[in-house]
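Worksheet: the structure to be examined is printed underneath.
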Amino acid sequence: MAAGRGRTGRAGRAGATVALAVTVTAGALAAPALAATPGAGDGHRATLRAMRAALNEDAPGVTVQAKDRHGTWNAAAGIGDLTRQTPRGAHDHYRVGSITKTFVSTVVLQLVAEGRLDLDDTVGQWLPGVVEGNGHDGDRITIRQILNHTSGIFDVMSDDEVQRKAFTEEFLDHRYDTWTPEQHIAIAMRHEPDFAPGTGWHYSNTNYVIAGRLIERITGKPYAQEIERRIIEPLGLHETSVPATGPSLPEPASRAYTKLSDAPGAKNHDVTELNPSIAGAAGGMISDSADLNRFYTALLRGKLLPAKQLAEMKTTVPKGDDKPGQRYGLGLEPFRTTCGRVVWGHGGDIHGSASGAASTADGRHALALNFNGPGGEMKAVLDAEFCGES
């Protein structure tokens with residue numbers, strides 16, 4: 001799922017590893033204790049500072065991996081388990097939320113490269129009668145518009161009932177519920193579209209639920225199986241999975257926290273366990289920072305898509321007047337740093353987990369990170385890594 005959706009949205013020598021541990025005392029963040037190979041973190045001093053500064057009660061811990069010309073650097077700061085007061089792990093697994101969308105889009109574009117569909121085919125051609133009702137018309141919506149969020153299809157996560165069950169304290173009674181793609185799409189179809197296809201931009205998780213259905217319609221196999229066969233296995237992403245309904249995270253992992261109320265003094269709930277079908281093809285995957293870096297660098301280096309389809313993926317549209325200067329491609333977006341560098345990747349929020357991954361266009365410098373809460377300053381860490389000392 002996307003950042004801002006519901007209440008959850010509020011380099012040294014090659015191979016060197018850095019581990020940070022931060023303790024919380026009387027509500028304040030104590031100075032981090034740093035254990036590292038001498039000099040290993042020298043190229044990431046700005047990133048370390050940004051990681052420390054990003055921690056707060058809504059983002060108790062952060063885990064990061066960066067890859068650049070000096071090699072691979074892993075770090076973690078803050079608390080991984082508030083009950084046990086154990087530190088965040090530098091090699092944690094976590095829920096990646098809407099980063100799932102880049103994987104789904106990659107599979108769709110592979111199918112395009114194979115000549116099995118065209119980006120300008122309509123949804124109605126492949127999924128007749130699925131996107132219909134209250135002004136929605138799948139015969140007027142293209143696959144391209146699904147992938148770049150210009151379809152106008154209502155975002156299922158904005159539905160009042162879904163908001164209550166997923167993003168308020170009702171979630172605690174529904175965290176193990178199974179949600180089907182058909183259910184998600186049907187809920188979205190109860191609402192009017194946000195705009196006519198191709199006339200605006202609005203982030204809609206429903207688009208990627210539909211994209212998952214599209215993959216299944218064309219291949220005859222679940223979208224999860226196609227992601228595993230086409231991306232996870234060839235790249236050796238051994239820490240990445242596409243769970244169906246299983247609620248647990250593989251070890252190692254930290255706990256995930258979020259407040260399910262805006263009321264003053266609201267409790268920070270442990271929301272680590274949940275049925276990932278609430279997000280499905282829009283945001284249900286699990287990974288770690290090393291695998292995310294491997295995925296995005298491979299993607300941008302052309303190892304997953306032919307040049308034509310990668311160019312299509314990087315062809316962007318403006319996000320709208322309320323997001324000046326921001327653009328979105330096909331499940332991939334450019335981020336302009338404070339120093340003017342442009343990196344490509346995606347962000348993703350899901351209960352108690354805020355993730356981001358980005359790489360330079362040549363794949364030579366990449367960063368992936370995760371906060372185990374929704375309140376971390378992710379952009380500050382990204383800016384520090386790509387604009388700080390190297």
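In the structure tokens, chains take letters A, B, ... by order of appearance, with residues numbered from 1 within each chain and ligands from 1 in the order shown.
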
Which residues of segment 159-252 of chain A come within 10 Å of segment 299-322 of chain A, and what is each one's closest atom pair and distance in Å (one decimal), counting only C-alpha atoms, sorted by chain and residue number, as a tab-separated table?
```
residue	atom	partner	partner_atom	distance
A:Gly200	CA	A:Gly320	CA	7.2
A:Trp201	CA	A:Lys319	CA	5.5
A:His202	CA	A:Lys319	CA	7.2
A:Tyr203	CA	A:Lys319	CA	8.6
A:Arg230	CA	A:Leu304	CA	8.4
A:Ile231	CA	A:Leu304	CA	7.5
A:Pro234	CA	A:Leu304	CA	9.3
A:Leu235	CA	A:Leu304	CA	9.2
```

For the selection you just gave me, I'd like the residues written to a file as a CSV table (one decimal), in the first residue's frame, keeping N, CA and C atoms.
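Once written, part.csv looks like this:
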```csv
chain,number,residue,atom,x,y,z
A,200,GLY,N,-6.1,12.7,-15.4
A,200,GLY,CA,-5.6,13.1,-14.2
A,200,GLY,C,-4.7,12.0,-13.6
A,201,TRP,N,-4.2,12.2,-12.4
A,201,TRP,CA,-3.4,11.3,-11.7
A,201,TRP,C,-3.8,11.1,-10.3
A,202,HIS,N,-4.0,9.9,-9.8
A,202,HIS,CA,-4.3,9.6,-8.4
A,202,HIS,C,-3.9,8.2,-8.1
A,203,TYR,N,-3.1,8.1,-7.0
A,203,TYR,CA,-2.6,6.8,-6.6
A,203,TYR,C,-3.7,5.9,-6.1
A,230,ARG,N,9.8,-15.4,-12.4
A,230,ARG,CA,10.5,-14.4,-13.3
A,230,ARG,C,11.5,-13.5,-12.7
A,231,ILE,N,11.4,-13.3,-11.4
A,231,ILE,CA,12.2,-12.3,-10.7
A,231,ILE,C,13.0,-12.9,-9.5
A,234,PRO,N,15.4,-16.1,-10.6
A,234,PRO,CA,16.6,-15.7,-11.4
A,234,PRO,C,17.6,-14.8,-10.7
A,235,LEU,N,17.1,-13.9,-9.9
A,235,LEU,CA,18.0,-13.0,-9.2
A,235,LEU,C,18.5,-13.5,-7.9
```

Can you tell me, as a PDB file with C-alpha atoms, in the first residue's frame, which residues in segment 53-169 of chain A count as helix (DSSP H, G or I) by DSSP?
```pdb
ATOM      1  CA  ALA A  53      17.879  11.969  13.536  1.00  0.00           C
ATOM      2  CA  ALA A  54      14.977  10.108  11.892  1.00  0.00           C
ATOM      3  CA  GLY A  97       4.224  -2.379   1.008  1.00  0.00           C
ATOM      4  CA  SER A  98       3.896  -0.653  -2.359  1.00  0.00           C
ATOM      5  CA  ILE A  99       7.403  -1.603  -3.452  1.00  0.00           C
ATOM      6  CA  THR A 100       5.434  -4.697  -4.519  1.00  0.00           C
ATOM      7  CA  LYS A 101       4.096  -2.569  -7.364  1.00  0.00           C
ATOM      8  CA  THR A 102       7.481  -2.445  -9.095  1.00  0.00           C
ATOM      9  CA  PHE A 103       7.638  -6.253  -9.075  1.00  0.00           C
ATOM     10  CA  VAL A 104       4.103  -6.528 -10.472  1.00  0.00           C
ATOM     11  CA  SER A 105       4.752  -3.928 -13.158  1.00  0.00           C
ATOM     12  CA  THR A 106       7.971  -5.692 -14.156  1.00  0.00           C
ATOM     13  CA  VAL A 107       6.060  -8.929 -14.757  1.00  0.00           C
ATOM     14  CA  VAL A 108       3.420  -7.116 -16.827  1.00  0.00           C
ATOM     15  CA  LEU A 109       6.148  -5.473 -18.928  1.00  0.00           C
ATOM     16  CA  GLN A 110       7.846  -8.833 -19.435  1.00  0.00           C
ATOM     17  CA  LEU A 111       4.556 -10.098 -20.834  1.00  0.00           C
ATOM     18  CA  VAL A 112       4.469  -7.054 -23.125  1.00  0.00           C
ATOM     19  CA  ALA A 113       8.007  -7.858 -24.309  1.00  0.00           C
ATOM     20  CA  VAL A 123      -8.594  -3.721 -19.189  1.00  0.00           C
ATOM     21  CA  GLY A 124     -11.927  -4.763 -20.644  1.00  0.00           C
ATOM     22  CA  GLN A 125     -10.222  -6.795 -23.369  1.00  0.00           C
ATOM     23  CA  TRP A 126      -8.562  -9.039 -20.797  1.00  0.00           C
ATOM     24  CA  GLY A 138     -12.774  -1.082 -18.265  1.00  0.00           C
ATOM     25  CA  ASP A 139     -13.202  -0.721 -22.031  1.00  0.00           C
ATOM     26  CA  ARG A 140     -11.901   2.859 -21.774  1.00  0.00           C
ATOM     27  CA  ILE A 143      -3.013  -1.262 -19.116  1.00  0.00           C
ATOM     28  CA  ARG A 144      -0.633   1.701 -19.220  1.00  0.00           C
ATOM     29  CA  GLN A 145      -3.140   3.807 -17.260  1.00  0.00           C
ATOM     30  CA  ILE A 146      -3.453   1.053 -14.670  1.00  0.00           C
ATOM     31  CA  LEU A 147       0.313   0.965 -14.150  1.00  0.00           C
ATOM     32  CA  VAL A 156     -10.164   0.650  -2.432  1.00  0.00           C
ATOM     33  CA  MET A 157      -8.105   1.774   0.577  1.00  0.00           C
ATOM     34  CA  SER A 158     -10.120   5.006   0.677  1.00  0.00           C
ATOM     35  CA  ASP A 160     -14.929   4.024   4.611  1.00  0.00           C
ATOM     36  CA  GLU A 161     -15.463   0.382   5.601  1.00  0.00           C
ATOM     37  CA  VAL A 162     -11.929  -0.569   4.581  1.00  0.00           C
ATOM     38  CA  GLN A 163     -10.581   2.433   6.477  1.00  0.00           C
ATOM     39  CA  ARG A 164     -12.360   1.294   9.642  1.00  0.00           C
ATOM     40  CA  LYS A 165     -11.312  -2.344   9.397  1.00  0.00           C
ATOM     41  CA  ALA A 166      -7.752  -1.678   8.279  1.00  0.00           C
ATOM     42  CA  PHE A 167      -6.669   1.637   9.772  1.00  0.00           C
TER      43      PHE A 167
END
```

Do a neighbour search on segment 172-182 of chain A at 8 Å with only C-alpha atoms, toss out local chain neighbours closer than 5 positions, and write the hits as a PyMOL selection string. chain A and resi 165-166+209-210+213+245+247+273-275+277-278+280

Residues near Phe195 of chain A, cut-off 10 Å, only C-alpha atoms, skip fewer than 2 positions along chain, as a ChimeraX atom specification: /A:135-136,150-154,192-193,197-202

Next, dump the selected residues to file, keeping only N, CA and C atoms, as a PDB file, in the first residue's frame.
```pdb
ATOM      1  N   GLY A 135     -19.775   4.494 -13.217  1.00  0.00           N
ATOM      2  CA  GLY A 135     -18.941   5.316 -14.089  1.00  0.00           C
ATOM      3  C   GLY A 135     -17.633   4.673 -14.487  1.00  0.00           C
ATOM      4  N   HIS A 136     -17.221   3.604 -13.811  1.00  0.00           N
ATOM      5  CA  HIS A 136     -16.028   2.871 -14.225  1.00  0.00           C
ATOM      6  C   HIS A 136     -16.337   2.086 -15.496  1.00  0.00           C
ATOM      7  N   THR A 150      -3.132   6.659 -13.907  1.00  0.00           N
ATOM      8  CA  THR A 150      -3.958   7.650 -14.601  1.00  0.00           C
ATOM      9  C   THR A 150      -5.304   7.056 -15.024  1.00  0.00           C
ATOM     10  N   SER A 151      -5.663   5.921 -14.454  1.00  0.00           N
ATOM     11  CA  SER A 151      -6.909   5.241 -14.826  1.00  0.00           C
ATOM     12  C   SER A 151      -8.142   5.930 -14.273  1.00  0.00           C
ATOM     13  N   GLY A 152      -7.991   6.623 -13.148  1.00  0.00           N
ATOM     14  CA  GLY A 152      -9.142   7.213 -12.463  1.00  0.00           C
ATOM     15  C   GLY A 152      -9.890   6.243 -11.575  1.00  0.00           C
ATOM     16  N   ILE A 153      -9.468   4.986 -11.505  1.00  0.00           N
ATOM     17  CA  ILE A 153     -10.170   3.984 -10.706  1.00  0.00           C
ATOM     18  C   ILE A 153     -10.057   4.319  -9.216  1.00  0.00           C
ATOM     19  N   PHE A 154     -11.155   4.241  -8.525  1.00  0.00           N
ATOM     20  CA  PHE A 154     -11.208   4.563  -7.098  1.00  0.00           C
ATOM     21  C   PHE A 154     -10.262   3.656  -6.310  1.00  0.00           C
ATOM     22  N   GLU A 192     -17.693   6.194  -7.467  1.00  0.00           N
ATOM     23  CA  GLU A 192     -17.435   6.799  -8.763  1.00  0.00           C
ATOM     24  C   GLU A 192     -15.932   6.918  -8.999  1.00  0.00           C
ATOM     25  N   PRO A 193     -15.494   6.932 -10.265  1.00  0.00           N
ATOM     26  CA  PRO A 193     -14.078   7.148 -10.549  1.00  0.00           C
ATOM     27  C   PRO A 193     -13.632   8.524 -10.063  1.00  0.00           C
ATOM     28  N   PRO A 197     -10.570   8.344 -17.516  1.00  0.00           N
ATOM     29  CA  PRO A 197      -9.253   7.764 -17.785  1.00  0.00           C
ATOM     30  C   PRO A 197      -8.356   8.700 -18.587  1.00  0.00           C
ATOM     31  N   GLY A 198      -7.124   8.856 -18.098  1.00  0.00           N
ATOM     32  CA  GLY A 198      -6.126   9.649 -18.811  1.00  0.00           C
ATOM     33  C   GLY A 198      -6.206  11.139 -18.598  1.00  0.00           C
ATOM     34  N   THR A 199      -7.121  11.607 -17.743  1.00  0.00           N
ATOM     35  CA  THR A 199      -7.287  13.056 -17.558  1.00  0.00           C
ATOM     36  C   THR A 199      -6.727  13.558 -16.232  1.00  0.00           C
ATOM     37  N   GLY A 200      -6.143  12.687 -15.444  1.00  0.00           N
ATOM     38  CA  GLY A 200      -5.600  13.098 -14.152  1.00  0.00           C
ATOM     39  C   GLY A 200      -4.674  12.033 -13.607  1.00  0.00           C
ATOM     40  N   TRP A 201      -4.229  12.241 -12.373  1.00  0.00           N
ATOM     41  CA  TRP A 201      -3.373  11.257 -11.696  1.00  0.00           C
ATOM     42  C   TRP A 201      -3.846  11.116 -10.256  1.00  0.00           C
ATOM     43  N   HIS A 202      -4.005   9.891  -9.826  1.00  0.00           N
ATOM     44  CA  HIS A 202      -4.328   9.633  -8.428  1.00  0.00           C
ATOM     45  C   HIS A 202      -3.862   8.236  -8.077  1.00  0.00           C
TER      46      HIS A 202
END
```

I'd like the neighbourhood of Ser241 of chain A as number ranges by chain, where a residue qualifies if any of its atoms comes within 7 Å (using only C-alpha atoms), though same-chain residues fewer than 6 positions away should be ignored. A: 285-287

Would you output that residue set with N, CA and C atoms, as an mmCIF file, in the first residue's frame?
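What landed in selection_35.cif:
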```cif
data_model
loop_
_atom_site.group_PDB
_atom_site.id
_atom_site.type_symbol
_atom_site.label_atom_id
_atom_site.label_comp_id
_atom_site.auth_asym_id
_atom_site.auth_seq_id
_atom_site.Cartn_x
_atom_site.Cartn_y
_atom_site.Cartn_z
ATOM 1 N N MET A 285 4.169 -7.921 -0.351
ATOM 2 C CA MET A 285 5.425 -8.670 -0.347
ATOM 3 C C MET A 285 6.278 -8.424 0.901
ATOM 4 N N ILE A 286 7.222 -9.341 1.126
ATOM 5 C CA ILE A 286 8.202 -9.273 2.209
ATOM 6 C C ILE A 286 9.590 -9.371 1.581
ATOM 7 N N SER A 287 10.546 -8.603 2.105
ATOM 8 C CA SER A 287 11.911 -8.683 1.593
ATOM 9 C C SER A 287 12.876 -8.189 2.658
#
```

Restricting the calculation to only C-alpha atoms, which member of A:Arg69, A:Lys379, A:Arg52, A:Arg336 is positioned closest to Gly363 of chain A? A:Arg69
